[in-house]
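Containing compact mmCIF, C-alpha atoms and all ligand atoms: upload08.txt.
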```txt
# COMPACT_ATOMS: atom_id res chain seq x y z
CA MET B 299 77.33 -38.78 59.01
CA PHE B 300 75.43 -35.92 57.45
CA CYS B 301 77.08 -32.53 57.08
CA PHE B 302 76.32 -29.80 54.57
CA GLN B 303 77.43 -26.77 56.52
CA CYS B 304 80.13 -25.40 54.25
CA GLU B 305 80.95 -24.60 50.64
CA GLN B 306 83.33 -27.58 50.39
CA THR B 307 80.48 -30.04 50.89
CA SER B 308 80.56 -33.14 48.69
CA ASN B 309 79.00 -32.60 45.23
CA GLY B 310 77.44 -29.39 46.51
CA LYS B 311 74.97 -31.52 48.51
CA ALA B 312 76.30 -33.11 51.69
CA CYS B 313 79.19 -35.12 53.08
CA THR B 314 77.70 -38.44 54.10
CA LYS B 315 80.62 -40.88 54.09
CA TYR B 316 83.65 -38.75 54.91
CA GLY B 317 84.12 -35.00 55.07
CA VAL B 318 85.81 -33.30 52.11
CA CYS B 319 87.53 -31.27 54.86
CA GLY B 320 88.88 -34.49 56.42
CA LYS B 321 86.21 -34.81 59.11
CA THR B 322 85.54 -38.44 59.97
CA PRO B 323 82.04 -39.84 60.47
CA GLN B 324 82.86 -40.35 64.15
CA THR B 325 83.92 -36.71 64.60
CA SER B 326 80.88 -35.55 62.66
CA ASN B 327 78.53 -37.53 64.90
CA LEU B 328 80.26 -36.22 68.03
CA GLN B 329 79.90 -32.66 66.73
CA ASP B 330 76.20 -33.27 66.01
CA ASN B 331 75.81 -34.62 69.54
CA LEU B 332 77.53 -31.53 70.91
CA THR B 333 75.31 -29.21 68.85
CA SER B 334 72.19 -30.99 70.11
CA LEU B 335 73.39 -30.57 73.70
CA LEU B 336 74.17 -26.88 73.18
CA ILE B 337 70.57 -26.42 72.01
CA GLU B 338 69.41 -28.20 75.18
CA LEU B 339 71.69 -25.97 77.25
CA ALA B 340 70.26 -22.83 75.61
CA ASN B 341 66.77 -24.14 76.38
CA SER B 342 67.64 -24.25 80.07
CA LEU B 343 67.65 -20.41 79.82
CA LYS B 344 70.24 -20.18 82.56
CA LYS B 345 72.09 -17.21 81.10
CA ASN B 346 75.42 -16.83 82.80
CA ASP B 347 78.99 -16.33 81.69
CA LYS B 348 79.89 -20.00 82.05
CA ASN B 349 76.99 -21.21 79.89
CA THR B 350 77.46 -18.45 77.33
CA ARG B 351 81.10 -19.39 76.96
CA LEU B 352 80.19 -23.07 76.67
CA ILE B 353 77.72 -22.25 73.90
CA ILE B 354 80.07 -19.95 71.98
CA ASP B 355 83.15 -22.17 72.22
CA GLY B 356 81.07 -25.30 71.61
CA LEU B 357 79.58 -23.95 68.39
CA PHE B 358 83.03 -22.76 67.32
CA ILE B 359 84.39 -26.30 67.75
CA THR B 360 81.91 -27.58 65.16
CA ILE B 361 83.00 -25.26 62.35
CA THR B 362 84.87 -26.73 59.39
CA ASN B 363 88.47 -27.66 60.27
CA VAL B 364 88.44 -26.10 63.75
CA ASN B 365 88.59 -29.19 65.94
CA PHE B 366 88.79 -32.85 64.92
CA ASP B 367 90.06 -34.03 68.31
CA ASP B 368 87.47 -36.64 69.32
CA GLU B 369 88.74 -37.01 72.88
CA PHE B 370 88.55 -33.24 73.41
CA ILE B 371 85.00 -33.13 72.00
CA LYS B 372 83.94 -36.05 74.26
CA ARG B 373 85.23 -34.19 77.32
CA TYR B 374 83.49 -31.01 76.16
CA ILE B 375 80.22 -32.95 75.76
CA GLU B 376 80.47 -34.24 79.34
CA ASN B 377 81.13 -30.70 80.55
CA VAL B 378 78.04 -29.36 78.75
CA LYS B 379 75.89 -32.20 80.11
CA GLU B 380 76.76 -31.13 83.66
CA HIS B 381 75.20 -27.72 83.01
CA ILE B 382 71.89 -28.93 81.58
CA ASP B 383 69.33 -29.02 84.35
CA HIS B 384 66.28 -30.41 82.56
CA ASP B 385 65.41 -33.53 80.59
CA LYS B 386 64.08 -31.90 77.40
CA LYS B 387 66.07 -33.87 74.85
CA PHE B 388 66.83 -32.45 71.44
CA ASP B 389 68.33 -34.25 68.48
CA ILE B 390 69.77 -32.19 65.62
CA LYS B 391 68.37 -34.82 63.23
CA ASN B 392 64.96 -33.25 63.93
CA ILE B 393 66.15 -30.34 61.80
CA TRP B 394 67.70 -32.39 59.02
CA GLU B 395 64.58 -34.56 58.67
CA THR B 396 61.89 -31.89 58.65
CA ASN B 397 60.10 -30.19 55.74
CA GLU B 398 62.68 -28.72 53.32
CA ASP B 399 61.71 -25.05 53.76
CA ILE B 400 61.85 -25.29 57.54
CA ARG B 401 65.08 -27.28 57.31
CA SER B 402 66.65 -24.64 55.07
CA LEU B 403 65.69 -21.74 57.30
CA LYS B 404 66.74 -23.45 60.54
CA SER B 405 70.03 -24.57 58.96
CA LEU B 406 70.68 -21.02 57.81
CA VAL B 407 70.24 -19.79 61.37
CA LEU B 408 72.38 -22.58 62.83
CA PHE B 409 75.23 -22.14 60.36
CA GLY B 410 75.03 -18.37 60.81
CA LEU B 411 75.29 -18.87 64.57
CA LYS B 412 78.40 -20.97 64.12
CA GLY B 413 80.00 -18.12 62.19
CA ILE B 414 78.96 -15.62 64.84
CA ALA B 415 80.40 -17.96 67.47
CA ALA B 416 83.77 -17.82 65.71
CA TYR B 417 83.81 -14.01 65.88
CA ALA B 418 82.51 -14.01 69.46
CA HIS B 419 85.12 -16.57 70.54
CA HIS B 420 87.98 -14.52 69.13
CA ALA B 421 86.62 -11.32 70.70
CA TYR B 422 86.13 -13.12 74.02
CA VAL B 423 89.76 -14.23 74.28
CA LEU B 424 90.75 -10.57 73.98
CA GLY B 425 88.33 -9.64 76.78
CA TYR B 426 85.46 -8.29 74.64
CA SER B 427 81.84 -9.43 74.58
CA ASP B 428 78.42 -7.97 73.90
CA ASP B 429 75.22 -8.76 75.81
CA GLU B 430 72.96 -8.48 72.75
CA VAL B 431 75.15 -10.91 70.81
CA ASN B 432 75.36 -13.30 73.77
CA ASP B 433 71.59 -13.21 74.34
CA PHE B 434 70.98 -14.01 70.70
CA PHE B 435 72.73 -17.38 71.03
CA TYR B 436 70.10 -18.41 73.58
CA GLU B 437 67.22 -16.93 71.59
CA ALA B 438 68.22 -18.48 68.27
CA LEU B 439 69.23 -21.93 69.55
CA THR B 440 65.99 -22.14 71.51
CA SER B 441 63.95 -21.01 68.52
CA ILE B 442 65.33 -23.60 66.10
CA SER B 443 64.31 -26.36 68.52
CA LYS B 444 60.67 -25.21 68.33
CA ASP B 445 57.91 -25.49 65.75
CA LEU B 446 58.04 -22.02 64.22
CA SER B 447 56.26 -20.79 61.11
CA ILE B 448 58.21 -19.94 57.96
CA ASN B 449 57.54 -16.23 58.56
CA ASP B 450 58.88 -16.42 62.11
CA LEU B 451 61.95 -18.26 60.87
CA LEU B 452 62.52 -15.68 58.13
CA THR B 453 62.49 -12.98 60.80
CA LEU B 454 65.02 -15.01 62.76
CA VAL B 455 67.25 -15.43 59.69
CA LEU B 456 67.29 -11.65 59.17
CA LYS B 457 68.12 -11.08 62.83
CA THR B 458 70.95 -13.62 62.53
CA GLY B 459 72.43 -11.42 59.79
CA GLU B 460 72.08 -8.29 61.92
CA ILE B 461 73.70 -9.91 64.95
CA ASN B 462 76.48 -11.26 62.74
CA LEU B 463 77.36 -7.70 61.65
CA LYS B 464 77.24 -6.54 65.26
CA CYS B 465 79.60 -9.32 66.27
CA MET B 466 81.98 -8.50 63.40
CA GLU B 467 82.08 -4.93 64.72
CA LEU B 468 82.84 -6.30 68.18
CA LEU B 469 85.74 -8.39 66.88
CA ASP B 470 87.06 -5.47 64.85
CA LYS B 471 87.00 -3.32 67.99
CA ALA B 472 88.68 -6.07 70.01
CA ASN B 473 91.44 -6.50 67.43
CA THR B 474 92.10 -2.83 66.71
CA GLN B 475 91.97 -1.74 70.35
CA THR B 476 94.32 -4.59 71.28
CA TYR B 477 96.70 -4.60 68.32
CA GLY B 478 96.08 -1.28 66.57
CA ASP B 479 94.70 -0.48 63.12
CA PRO B 480 95.99 -2.72 60.34
CA THR B 481 98.29 -1.05 57.81
CA PRO B 482 99.70 -2.37 54.52
CA THR B 483 102.97 -4.11 55.35
CA LYS B 484 105.64 -5.72 53.19
CA VAL B 485 106.06 -9.41 53.87
CA SER B 486 108.31 -12.07 52.42
CA THR B 487 106.74 -14.05 49.59
CA THR B 488 109.58 -16.55 49.39
CA ILE B 489 108.27 -20.07 49.39
CA GLU B 490 109.91 -21.89 52.30
CA LYS B 491 110.05 -25.58 53.00
CA GLY B 492 107.28 -26.66 55.42
CA PRO B 493 105.83 -27.69 57.77
CA PHE B 494 103.97 -24.51 58.71
CA ILE B 495 101.56 -23.19 61.26
CA VAL B 496 98.80 -21.34 59.40
CA VAL B 497 97.42 -18.28 61.19
CA THR B 498 94.35 -16.46 59.89
CA GLY B 499 93.25 -12.91 60.54
CA HIS B 500 90.89 -14.25 63.21
CA ASP B 501 93.70 -15.72 65.23
CA LEU B 502 95.72 -12.68 66.24
CA HIS B 503 95.69 -13.71 69.90
CA ASP B 504 96.99 -17.17 68.98
CA LEU B 505 99.68 -15.55 66.83
CA GLU B 506 100.71 -13.33 69.74
CA LEU B 507 101.01 -16.38 72.01
CA LEU B 508 102.99 -18.26 69.35
CA LEU B 509 105.40 -15.35 68.88
CA LYS B 510 105.90 -15.08 72.63
S1 LIG B 601 82.43 -29.12 57.26
FE1 LIG B 601 83.52 -30.83 56.27
S2 LIG B 601 82.07 -32.53 56.45
FE2 LIG B 601 80.88 -30.64 56.72
S3 LIG B 601 80.13 -30.02 54.70
FE3 LIG B 601 82.07 -28.98 55.02
S4 LIG B 601 83.57 -30.35 54.05
FE4 LIG B 601 81.73 -31.58 54.42
```
Take the structure in the file and give it back as structure tokens.
Amino acid sequence: MFCFQCEQTSNGKACTKYGVCGKTPQTSNLQDNLTSLLIELANSLKKNDKNTRLIIDGLFITITNVNFDDEFIKRYIENVKEHIDHDKKFDIKNIWETNEDIRSLKSLVLFGLKGIAAYAHHAYVLGYSDDEVNDFFYEALTSISKDLSINDLLTLVLKTGEINLKCMELLDKANTQTYGDPTPTKVSTTIEKGPFIVVTGHDLHDLELLLK
């Protein structure tokens, strides 16, 4: 396995034997396979809701601690394969094994996209999406599979930041229009005996379903 996508990464370099987050080598390789296929899917340039959702949810799956269910990821991979209508193969190792400047810039875009996918996923489940954000997934995934110059990649990195802010705004709108503006609220700080279900600020829809 080779994973260096988050701040927990082993020795500040990369997890290569087992993820500090608990990700196994097998899960890591499946997630790399899925990421490669999502890049192939984006390259098919068939922009439609189904493919956009596959890309967004697929990238979200590969974020730290989101999904370590190998059987689920295998099924997801088969689903993505059915929507790829060309034989242009892409292997994510092409990025890891290239010149270090290009590798750094492409990784920055890819990891940024994963973060954007998390926001987009949570907005999507509340019925909110944005065409510019959705189009950027195709543009950026396609771009990192090509031979681009450092200057072109720098431009793409900056655009990744801009789209990230736009997607954060989208999620904020989705959350506040669905659940209202957050206000300071007193909560119990008593430490209870576990086990627990941990819900983050992203997961308001999941929390709503749990409460129901
Ligand atoms: S996501 Fe997990 S395996 Fe990847 S760098 Fe972070 S801690 Fe390591």
How would you report the residues lying within 6 Å of ligand LIG 601 (chain B), as a PDB file with C-alpha atoms, in the frame of the given file, if you count all atoms listed in the file?
```pdb
ATOM      1  CA  CYS B 301      77.080 -32.530  57.080  1.00  0.00           C
ATOM      2  CA  PHE B 302      76.320 -29.800  54.570  1.00  0.00           C
ATOM      3  CA  GLN B 303      77.430 -26.770  56.520  1.00  0.00           C
ATOM      4  CA  CYS B 304      80.130 -25.400  54.250  1.00  0.00           C
ATOM      5  CA  GLN B 306      83.330 -27.580  50.390  1.00  0.00           C
ATOM      6  CA  THR B 307      80.480 -30.040  50.890  1.00  0.00           C
ATOM      7  CA  ALA B 312      76.300 -33.110  51.690  1.00  0.00           C
ATOM      8  CA  CYS B 313      79.190 -35.120  53.080  1.00  0.00           C
ATOM      9  CA  GLY B 317      84.120 -35.000  55.070  1.00  0.00           C
ATOM     10  CA  VAL B 318      85.810 -33.300  52.110  1.00  0.00           C
ATOM     11  CA  CYS B 319      87.530 -31.270  54.860  1.00  0.00           C
ATOM     12  CA  LYS B 321      86.210 -34.810  59.110  1.00  0.00           C
ATOM     13  CA  THR B 362      84.870 -26.730  59.390  1.00  0.00           C
TER      14      THR B 362
END
```
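Reported to one decimal place, the separation of atom CA of B:Phe358 from atom CA of B:Thr325 is 14.2 Å.
Separating atom CA of B:Asn309 from atom CA of B:Ser405 is a distance of 18.3 Å.
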Please provide the set of residues having any atom within 6 Å of stretch 415-418 of chain B, restricted to all atoms listed in the file, with same-chain residues fewer than 3 positions apart removed, written as an mmCIF file with C-alpha atoms, in the frame of the given file.
```cif
data_model
loop_
_atom_site.group_PDB
_atom_site.id
_atom_site.type_symbol
_atom_site.label_atom_id
_atom_site.label_comp_id
_atom_site.auth_asym_id
_atom_site.auth_seq_id
_atom_site.Cartn_x
_atom_site.Cartn_y
_atom_site.Cartn_z
ATOM 1 C CA ILE B 354 80.070 -19.950 71.980
ATOM 2 C CA PHE B 358 83.030 -22.760 67.320
ATOM 3 C CA LEU B 411 75.290 -18.870 64.570
ATOM 4 C CA LYS B 412 78.400 -20.970 64.120
ATOM 5 C CA ALA B 421 86.620 -11.320 70.700
ATOM 6 C CA TYR B 422 86.130 -13.120 74.020
#
```
Item to complete: For B:Leu446, please output as a list in words all residues within 12 Å (counting only C-alpha atoms; exclusion window: fewer than 6 positions along the same chain).
Response: Ile393, Thr396, Asn397, Asp399, Ile400, Arg401, Leu403, Lys404, Ala438, Thr440, Leu452, Thr453 and Leu454 of chain B
Worksheet item: With distances taken over all atoms listed in the file, which of B:Tyr477, B:Thr333, B:Ile353, B:Lys471 is nearest to B:Leu505?
Response: B:Tyr477
Worksheet item: Do you have the atom CA of B:Tyr426-atom CA of B:Asp383 distance handy?
Response: 28.0 Å
Worksheet item: Which is closest to B:His420 among B:Glu395, B:Asp501, B:Glu305, B:Asp450, if we use all atoms listed in the file?
Response: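 Between B:Glu395, B:Asp501, B:Glu305, B:Asp450, the residue approaching B:His420 most closely is B:Asp501.
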Worksheet item: Closest to B:Asp429 among B:Thr322, B:Asn346, B:Thr498, B:Thr314, using all atoms listed in the file?
Response: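 When distances to B:Asp429 are compared using all atoms listed in the file, the smallest one comes from B:Asn346.
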Worksheet item: From the set B:Ser326, B:Asn365, B:Asn432, B:Asn473, which residue has the shortest atom-to-atom contact distance to B:Asn349, counting all atoms listed in the file?
Response: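 Checking each of B:Ser326, B:Asn365, B:Asn432, B:Asn473 against B:Asn349, counting all atoms listed in the file, the winner is B:Asn432.
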Discussion item. (81.6, -25.1, 71.2) in this file's frame - what residues fall within 12 Å of it? Use only C-alpha atoms and give the answer as JSON, numbers by chain.
Written reply: {"B": [328, 329, 330, 331, 332, 333, 334, 335, 336, 337, 339, 349, 350, 351, 352, 353, 354, 355, 356, 357, 358, 359, 360, 361, 364, 365, 370, 371, 372, 373, 374, 375, 377, 378, 411, 412, 413, 414, 415, 416, 418, 419, 435]}
Prev. selection, C-alpha atoms, output as an mmCIF file, in the coordinates of the input:
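Here's the written file selection_6.cif:
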```
data_model
loop_
_atom_site.group_PDB
_atom_site.id
_atom_site.type_symbol
_atom_site.label_atom_id
_atom_site.label_comp_id
_atom_site.auth_asym_id
_atom_site.auth_seq_id
_atom_site.Cartn_x
_atom_site.Cartn_y
_atom_site.Cartn_z
ATOM 1 C CA LEU B 328 80.260 -36.220 68.030
ATOM 2 C CA GLN B 329 79.900 -32.660 66.730
ATOM 3 C CA ASP B 330 76.200 -33.270 66.010
ATOM 4 C CA ASN B 331 75.810 -34.620 69.540
ATOM 5 C CA LEU B 332 77.530 -31.530 70.910
ATOM 6 C CA THR B 333 75.310 -29.210 68.850
ATOM 7 C CA SER B 334 72.190 -30.990 70.110
ATOM 8 C CA LEU B 335 73.390 -30.570 73.700
ATOM 9 C CA LEU B 336 74.170 -26.880 73.180
ATOM 10 C CA ILE B 337 70.570 -26.420 72.010
ATOM 11 C CA LEU B 339 71.690 -25.970 77.250
ATOM 12 C CA ASN B 349 76.990 -21.210 79.890
ATOM 13 C CA THR B 350 77.460 -18.450 77.330
ATOM 14 C CA ARG B 351 81.100 -19.390 76.960
ATOM 15 C CA LEU B 352 80.190 -23.070 76.670
ATOM 16 C CA ILE B 353 77.720 -22.250 73.900
ATOM 17 C CA ILE B 354 80.070 -19.950 71.980
ATOM 18 C CA ASP B 355 83.150 -22.170 72.220
ATOM 19 C CA GLY B 356 81.070 -25.300 71.610
ATOM 20 C CA LEU B 357 79.580 -23.950 68.390
ATOM 21 C CA PHE B 358 83.030 -22.760 67.320
ATOM 22 C CA ILE B 359 84.390 -26.300 67.750
ATOM 23 C CA THR B 360 81.910 -27.580 65.160
ATOM 24 C CA ILE B 361 83.000 -25.260 62.350
ATOM 25 C CA VAL B 364 88.440 -26.100 63.750
ATOM 26 C CA ASN B 365 88.590 -29.190 65.940
ATOM 27 C CA PHE B 370 88.550 -33.240 73.410
ATOM 28 C CA ILE B 371 85.000 -33.130 72.000
ATOM 29 C CA LYS B 372 83.940 -36.050 74.260
ATOM 30 C CA ARG B 373 85.230 -34.190 77.320
ATOM 31 C CA TYR B 374 83.490 -31.010 76.160
ATOM 32 C CA ILE B 375 80.220 -32.950 75.760
ATOM 33 C CA ASN B 377 81.130 -30.700 80.550
ATOM 34 C CA VAL B 378 78.040 -29.360 78.750
ATOM 35 C CA LEU B 411 75.290 -18.870 64.570
ATOM 36 C CA LYS B 412 78.400 -20.970 64.120
ATOM 37 C CA GLY B 413 80.000 -18.120 62.190
ATOM 38 C CA ILE B 414 78.960 -15.620 64.840
ATOM 39 C CA ALA B 415 80.400 -17.960 67.470
ATOM 40 C CA ALA B 416 83.770 -17.820 65.710
ATOM 41 C CA ALA B 418 82.510 -14.010 69.460
ATOM 42 C CA HIS B 419 85.120 -16.570 70.540
ATOM 43 C CA PHE B 435 72.730 -17.380 71.030
#
```
Taking all heavy atoms as the atom set, what does stretch 465-476 of chain B look like once completed, written as a PDB file, keeping the file's coordinate frame?
```
ATOM      1  N   CYS B 465      78.494  -8.561  65.703  1.00  0.00           N
ATOM      2  CA  CYS B 465      79.600  -9.320  66.270  1.00  0.00           C
ATOM      3  C   CYS B 465      80.900  -9.072  65.494  1.00  0.00           C
ATOM      4  O   CYS B 465      81.986  -9.048  66.076  1.00  0.00           O
ATOM      5  CB  CYS B 465      79.237 -10.805  66.297  1.00  0.00           C
ATOM      6  SG  CYS B 465      80.275 -11.741  67.416  1.00  0.00           S
ATOM      7  N   MET B 466      80.781  -8.853  64.179  1.00  0.00           N
ATOM      8  CA  MET B 466      81.980  -8.500  63.400  1.00  0.00           C
ATOM      9  C   MET B 466      82.544  -7.163  63.886  1.00  0.00           C
ATOM     10  O   MET B 466      83.756  -6.978  63.986  1.00  0.00           O
ATOM     11  CB  MET B 466      81.634  -8.394  61.914  1.00  0.00           C
ATOM     12  CG  MET B 466      81.437  -9.744  61.258  1.00  0.00           C
ATOM     13  SD  MET B 466      80.820  -9.576  59.576  1.00  0.00           S
ATOM     14  CE  MET B 466      82.303  -9.187  58.693  1.00  0.00           C
ATOM     15  N   GLU B 467      81.631  -6.227  64.176  1.00  0.00           N
ATOM     16  CA  GLU B 467      82.080  -4.930  64.720  1.00  0.00           C
ATOM     17  C   GLU B 467      82.796  -5.121  66.043  1.00  0.00           C
ATOM     18  O   GLU B 467      83.816  -4.500  66.325  1.00  0.00           O
ATOM     19  CB  GLU B 467      80.873  -4.004  64.958  1.00  0.00           C
ATOM     20  CG  GLU B 467      80.356  -3.312  63.724  1.00  0.00           C
ATOM     21  CD  GLU B 467      79.075  -2.533  64.015  1.00  0.00           C
ATOM     22  OE1 GLU B 467      78.754  -2.285  65.191  1.00  0.00           O
ATOM     23  OE2 GLU B 467      78.390  -2.183  63.050  1.00  0.00           O
ATOM     24  N   LEU B 468      82.234  -6.020  66.870  1.00  0.00           N
ATOM     25  CA  LEU B 468      82.840  -6.300  68.180  1.00  0.00           C
ATOM     26  C   LEU B 468      84.249  -6.841  68.014  1.00  0.00           C
ATOM     27  O   LEU B 468      85.189  -6.399  68.692  1.00  0.00           O
ATOM     28  CB  LEU B 468      81.951  -7.319  68.922  1.00  0.00           C
ATOM     29  CG  LEU B 468      82.482  -7.808  70.263  1.00  0.00           C
ATOM     30  CD1 LEU B 468      82.369  -6.708  71.321  1.00  0.00           C
ATOM     31  CD2 LEU B 468      81.713  -9.048  70.735  1.00  0.00           C
ATOM     32  N   LEU B 469      84.413  -7.796  67.079  1.00  0.00           N
ATOM     33  CA  LEU B 469      85.740  -8.390  66.880  1.00  0.00           C
ATOM     34  C   LEU B 469      86.710  -7.353  66.304  1.00  0.00           C
ATOM     35  O   LEU B 469      87.886  -7.303  66.693  1.00  0.00           O
ATOM     36  CB  LEU B 469      85.642  -9.612  65.956  1.00  0.00           C
ATOM     37  CG  LEU B 469      86.968 -10.310  65.669  1.00  0.00           C
ATOM     38  CD1 LEU B 469      87.641 -10.777  66.958  1.00  0.00           C
ATOM     39  CD2 LEU B 469      86.766 -11.499  64.730  1.00  0.00           C
ATOM     40  N   ASP B 470      86.200  -6.516  65.406  1.00  0.00           N
ATOM     41  CA  ASP B 470      87.060  -5.470  64.850  1.00  0.00           C
ATOM     42  C   ASP B 470      87.555  -4.549  65.973  1.00  0.00           C
ATOM     43  O   ASP B 470      88.741  -4.218  66.047  1.00  0.00           O
ATOM     44  CB  ASP B 470      86.261  -4.669  63.812  1.00  0.00           C
ATOM     45  CG  ASP B 470      87.110  -3.590  63.174  1.00  0.00           C
ATOM     46  OD1 ASP B 470      88.119  -3.937  62.550  1.00  0.00           O
ATOM     47  OD2 ASP B 470      86.783  -2.400  63.320  1.00  0.00           O
ATOM     48  N   LYS B 471      86.612  -4.180  66.856  1.00  0.00           N
ATOM     49  CA  LYS B 471      87.000  -3.320  67.990  1.00  0.00           C
ATOM     50  C   LYS B 471      88.021  -4.029  68.881  1.00  0.00           C
ATOM     51  O   LYS B 471      89.025  -3.447  69.294  1.00  0.00           O
ATOM     52  CB  LYS B 471      85.736  -2.986  68.800  1.00  0.00           C
ATOM     53  CG  LYS B 471      85.946  -2.015  69.923  1.00  0.00           C
ATOM     54  CD  LYS B 471      84.573  -1.577  70.455  1.00  0.00           C
ATOM     55  CE  LYS B 471      84.585  -1.576  71.946  1.00  0.00           C
ATOM     56  NZ  LYS B 471      83.270  -1.488  72.551  1.00  0.00           N
ATOM     57  N   ALA B 472      87.760  -5.306  69.152  1.00  0.00           N
ATOM     58  CA  ALA B 472      88.680  -6.070  70.010  1.00  0.00           C
ATOM     59  C   ALA B 472      90.078  -6.109  69.391  1.00  0.00           C
ATOM     60  O   ALA B 472      91.089  -5.875  70.069  1.00  0.00           O
ATOM     61  CB  ALA B 472      88.141  -7.481  70.214  1.00  0.00           C
ATOM     62  N   ASN B 473      90.133  -6.390  68.092  1.00  0.00           N
ATOM     63  CA  ASN B 473      91.440  -6.500  67.430  1.00  0.00           C
ATOM     64  C   ASN B 473      92.153  -5.158  67.333  1.00  0.00           C
ATOM     65  O   ASN B 473      93.352  -5.052  67.621  1.00  0.00           O
ATOM     66  CB  ASN B 473      91.271  -7.090  66.019  1.00  0.00           C
ATOM     67  CG  ASN B 473      91.140  -8.598  66.050  1.00  0.00           C
ATOM     68  OD1 ASN B 473      91.619  -9.251  66.971  1.00  0.00           O
ATOM     69  ND2 ASN B 473      90.484  -9.165  65.049  1.00  0.00           N
ATOM     70  N   THR B 474      91.413  -4.106  66.923  1.00  0.00           N
ATOM     71  CA  THR B 474      92.100  -2.830  66.710  1.00  0.00           C
ATOM     72  C   THR B 474      92.473  -2.163  68.034  1.00  0.00           C
ATOM     73  O   THR B 474      93.520  -1.526  68.137  1.00  0.00           O
ATOM     74  CB  THR B 474      91.241  -1.864  65.857  1.00  0.00           C
ATOM     75  OG1 THR B 474      89.944  -1.764  66.415  1.00  0.00           O
ATOM     76  CG2 THR B 474      91.132  -2.341  64.430  1.00  0.00           C
ATOM     77  N   GLN B 475      91.608  -2.338  69.062  1.00  0.00           N
ATOM     78  CA  GLN B 475      91.970  -1.740  70.350  1.00  0.00           C
ATOM     79  C   GLN B 475      93.110  -2.517  71.021  1.00  0.00           C
ATOM     80  O   GLN B 475      93.843  -1.975  71.832  1.00  0.00           O
ATOM     81  CB  GLN B 475      90.746  -1.668  71.269  1.00  0.00           C
ATOM     82  CG  GLN B 475      89.735  -0.638  70.767  1.00  0.00           C
ATOM     83  CD  GLN B 475      88.656  -0.302  71.781  1.00  0.00           C
ATOM     84  OE1 GLN B 475      88.530  -0.945  72.817  1.00  0.00           O
ATOM     85  NE2 GLN B 475      87.873   0.712  71.480  1.00  0.00           N
ATOM     86  N   THR B 476      93.251  -3.791  70.677  1.00  0.00           N
ATOM     87  CA  THR B 476      94.320  -4.590  71.280  1.00  0.00           C
ATOM     88  C   THR B 476      95.621  -4.479  70.480  1.00  0.00           C
ATOM     89  O   THR B 476      96.704  -4.340  71.051  1.00  0.00           O
ATOM     90  CB  THR B 476      93.897  -6.078  71.363  1.00  0.00           C
ATOM     91  OG1 THR B 476      92.646  -6.160  72.038  1.00  0.00           O
ATOM     92  CG2 THR B 476      94.936  -6.909  72.115  1.00  0.00           C
TER      93      THR B 476
END
```
